[in-house]
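Chemist: Starting off with a structure, shown below.
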Amino acid sequence: MNFEEIVKHRRAIRYYDPEKPLDTARVEHCLRLASLAPTSSNLQLWECYHITDPTVIASLAPACFSQTAVTTAQQLVVFVTKPRLWRQRTHELIELYRADTRKHHPEDKWAKYDKLRADYLLKVIPFTYSRGLGLWGLIRKGLVQITGLFRPVPRQMSEGDLTAVQHKSCALVAQTFMLAMSAEGYDTCPLEGIDTLRVRRLLGLPRGTKINMIVSCGIRDDHRPVGDRIRVPFESQYHRIGE
Ligand SMILES: Cc1cc2nc3c(=O)[nH]c(=O)nc-3n(C[C@H](O)[C@H](O)[C@H](O)COP(=O)(O)O)c2cc1C
């Protein structure tokens, strides 16, 4: 399939064929491809739980309101954000970028690039991601509003804004996964109609883990109509600024 065919093949599938299992290694490969999705500041504050055990899928179904996209699924992937990983990530990234700089740039640039990375990862990111018992988000937002009177500033600085930032990045990972699955001829359905608290408890996910969405996986049951793609007119959403 070319890219257009892959995008068009991806549909939210609610009934999977019970006779058509998935190759777990291929699904895992799709998740590896999904990890190439862009994330804010490249912090990669997401993880996924690839569920291949049918008994676990069955135990999760009630927490997903017994949607057929789950009860008929061959496998599930639970995408989560892990906001608390930010500090660990900054140190991991410093090392990774350090090695990358030495690989791709002449030695006289190393100190300059190391400093730029360190300034960003050890100053800007802690400023942006620290919680301070939930109070720092408010103070940070206030500081940004005042600074913003005099110069351009990043406005999305409250705790809620940062939650949205992490879910945005995680959703790009999930979408990349769904397209990779489509390229394999596999089907998926993204789900947020779920009781996230129950899912978190059933899977024993660590505290601080926030469920982004579950993507159910299988191969569509050809006897169940998928229906046409329902979209509002593109012209109502498309605004060109320029020629
Ligand atoms: C974030 C998100 C959450 C969704 N949650 C559900 C869900 O809980 N149950 C469901 O059946 N479909 C769910 N969907 C699928 C949408 O209903 C579906 O993508 C939409 O109707 C368009 O259909 P298409 O994907 O086949 O083009 C979700 C989609 C997204 C992006």
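To be explicit about the labels: the chains of the structure tokens are called A, B, and onward in the order shown, and within each one the residues are counted from 1, while ligands get numbers from 1 in the order they are shown.
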How close does each residue of chain A get to ligand 1, giving the shortest atom pair and distance in Å to one decimal for every residue with an atom at most 9 Å away, counting only C-alpha atoms and all ligand atoms, sorted by chain and residue number, as CSV?
Modeler:
```
residue,atom,partner,partner_atom_place_in_ligand_line,distance
A:Lys8,CA,ligand 1,27 (O),8.3
A:His9,CA,ligand 1,26 (O),9.0
A:Arg10,CA,ligand 1,26 (O),6.8
A:Arg11,CA,ligand 1,26 (O),3.5
A:Ala12,CA,ligand 1,26 (O),3.9
A:Ile13,CA,ligand 1,26 (O),6.7
A:Arg14,CA,ligand 1,11 (O),6.2
A:Cys64,CA,ligand 1,8 (O),7.8
A:Phe65,CA,ligand 1,8 (O),8.9
A:Gln67,CA,ligand 1,11 (O),7.0
A:Thr68,CA,ligand 1,11 (O),8.0
A:Ala69,CA,ligand 1,11 (O),6.5
A:Ala171,CA,ligand 1,1 (C),7.6
A:Gln175,CA,ligand 1,31 (C),8.4
A:Thr188,CA,ligand 1,25 (O),8.9
A:Cys189,CA,ligand 1,15 (C),6.1
A:Pro190,CA,ligand 1,28 (C),4.7
A:Leu191,CA,ligand 1,5 (N),3.4
A:Glu192,CA,ligand 1,5 (N),4.1
A:Gly193,CA,ligand 1,8 (O),3.4
A:Ile194,CA,ligand 1,8 (O),6.5
A:Asn212,CA,ligand 1,1 (C),8.2
A:Met213,CA,ligand 1,1 (C),6.6
A:Ile214,CA,ligand 1,5 (N),8.4
A:Val215,CA,ligand 1,4 (C),8.9
A:Val226,CA,ligand 1,26 (O),7.6
A:Gly227,CA,ligand 1,26 (O),8.3
A:Asp228,CA,ligand 1,26 (O),8.1
A:Arg229,CA,ligand 1,27 (O),5.4
A:Ile230,CA,ligand 1,22 (C),6.8
A:Arg231,CA,ligand 1,22 (C),7.9
```
Chemist: Quick one: write out the picked residues with C-alpha atoms as an mmCIF file, in the first residue's frame?
Modeler:
```cif
data_model
loop_
_atom_site.group_PDB
_atom_site.id
_atom_site.type_symbol
_atom_site.label_atom_id
_atom_site.label_comp_id
_atom_site.auth_asym_id
_atom_site.auth_seq_id
_atom_site.Cartn_x
_atom_site.Cartn_y
_atom_site.Cartn_z
ATOM 1 C CA LYS A 8 -7.633 5.148 3.747
ATOM 2 C CA HIS A 9 -7.406 1.537 4.956
ATOM 3 C CA ARG A 10 -7.271 2.663 8.596
ATOM 4 C CA ARG A 11 -10.755 2.694 10.039
ATOM 5 C CA ALA A 12 -12.056 2.485 13.584
ATOM 6 C CA ILE A 13 -12.936 -1.219 13.529
ATOM 7 C CA ARG A 14 -15.448 -2.488 16.102
ATOM 8 C CA CYS A 64 -14.121 -0.640 28.515
ATOM 9 C CA PHE A 65 -17.929 -0.840 28.765
ATOM 10 C CA GLN A 67 -17.328 -2.419 23.618
ATOM 11 C CA THR A 68 -17.100 -4.978 20.834
ATOM 12 C CA ALA A 69 -13.872 -3.314 19.714
ATOM 13 C CA ALA A 171 -1.627 10.586 20.676
ATOM 14 C CA GLN A 175 -1.689 7.448 15.504
ATOM 15 C CA THR A 188 -7.275 -0.994 15.016
ATOM 16 C CA CYS A 189 -9.733 1.105 16.986
ATOM 17 C CA PRO A 190 -8.675 3.967 19.266
ATOM 18 C CA LEU A 191 -10.678 4.016 22.489
ATOM 19 C CA GLU A 192 -11.114 6.606 25.169
ATOM 20 C CA GLY A 193 -14.546 5.322 26.178
ATOM 21 C CA ILE A 194 -12.982 3.478 29.098
ATOM 22 C CA ASN A 212 -3.995 8.220 27.047
ATOM 23 C CA MET A 213 -6.025 5.719 25.047
ATOM 24 C CA ILE A 214 -6.368 2.028 24.363
ATOM 25 C CA VAL A 215 -5.917 0.861 20.792
ATOM 26 C CA VAL A 226 -17.761 -0.708 8.357
ATOM 27 C CA GLY A 227 -19.814 1.980 6.630
ATOM 28 C CA ASP A 228 -18.617 5.018 4.728
ATOM 29 C CA ARG A 229 -16.163 7.455 6.150
ATOM 30 C CA ILE A 230 -18.233 10.222 7.737
ATOM 31 C CA ARG A 231 -16.541 13.608 7.571
#
```
Chemist: Near Val165 of chain A, within 12 Å and counting only C-alpha atoms, which residues show up once chain neighbours fewer than 2 positions away are dropped, as a CSV table (one decimal) with C-alpha atoms, in the first residue's frame?
Modeler:
```csv
chain,number,residue,atom,x,y,z
A,39,THR,CA,7.2,14.3,21.1
A,40,SER,CA,7.3,17.7,22.8
A,41,SER,CA,11.0,18.6,23.6
A,42,ASN,CA,11.7,14.9,22.6
A,43,LEU,CA,11.0,14.0,26.2
A,44,GLN,CA,9.1,10.8,25.2
A,45,LEU,CA,7.0,10.8,28.3
A,46,TRP,CA,5.0,7.8,27.1
A,81,THR,CA,1.8,9.1,29.7
A,82,LYS,CA,4.3,9.2,32.5
A,83,PRO,CA,4.8,12.9,33.5
A,128,THR,CA,8.4,24.0,32.7
A,129,TYR,CA,7.8,20.5,34.3
A,155,ARG,CA,1.8,30.4,26.9
A,156,GLN,CA,0.9,26.7,27.7
A,157,MET,CA,2.4,26.7,31.2
A,158,SER,CA,-0.3,25.6,33.6
A,159,GLU,CA,-0.5,22.1,35.0
A,160,GLY,CA,-3.5,21.5,32.8
A,161,ASP,CA,-1.6,22.8,29.7
A,162,LEU,CA,1.2,20.4,30.4
A,163,THR,CA,-1.1,17.5,30.7
A,167,HIS,CA,-1.4,13.7,25.7
A,168,LYS,CA,-0.8,15.4,22.4
A,169,SER,CA,2.6,13.7,22.0
A,170,CYS,CA,1.3,10.3,23.2
A,171,ALA,CA,-1.6,10.6,20.7
A,172,LEU,CA,0.9,11.1,17.9
A,212,ASN,CA,-4.0,8.2,27.0
```
Chemist: Please report the interatomic distance between atom CA of Gly204 of chain A and atom CA of Thr55 of chain A in Å with one decimal.
Modeler: 15.2 Å
Chemist: With DSSP run on the backbone, what are the alpha helix (DSSP H) residues within segment 69-192 of chain A? I'd like them as a PyMOL selection string.
Modeler: chain A and resi 69-71+86-104+110-119+125-129+136-147+159-183
Chemist: Can you work out the spacing between atom CA of Pro18 of chain A and atom CA of Val78 of chain A in Å, to one decimal?
Modeler: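 Calculated distance between atom CA of Pro18 of chain A and atom CA of Val78 of chain A is 20.6 Å.
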Chemist: Restricting the calculation to only C-alpha atoms, which member of A:Ala34, A:Leu22, A:Ile6, A:Cys48 is positioned closest to Leu203 of chain A?
Modeler: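 Looking at the shortest contact to Leu203 of chain A, the residue is A:Cys48.
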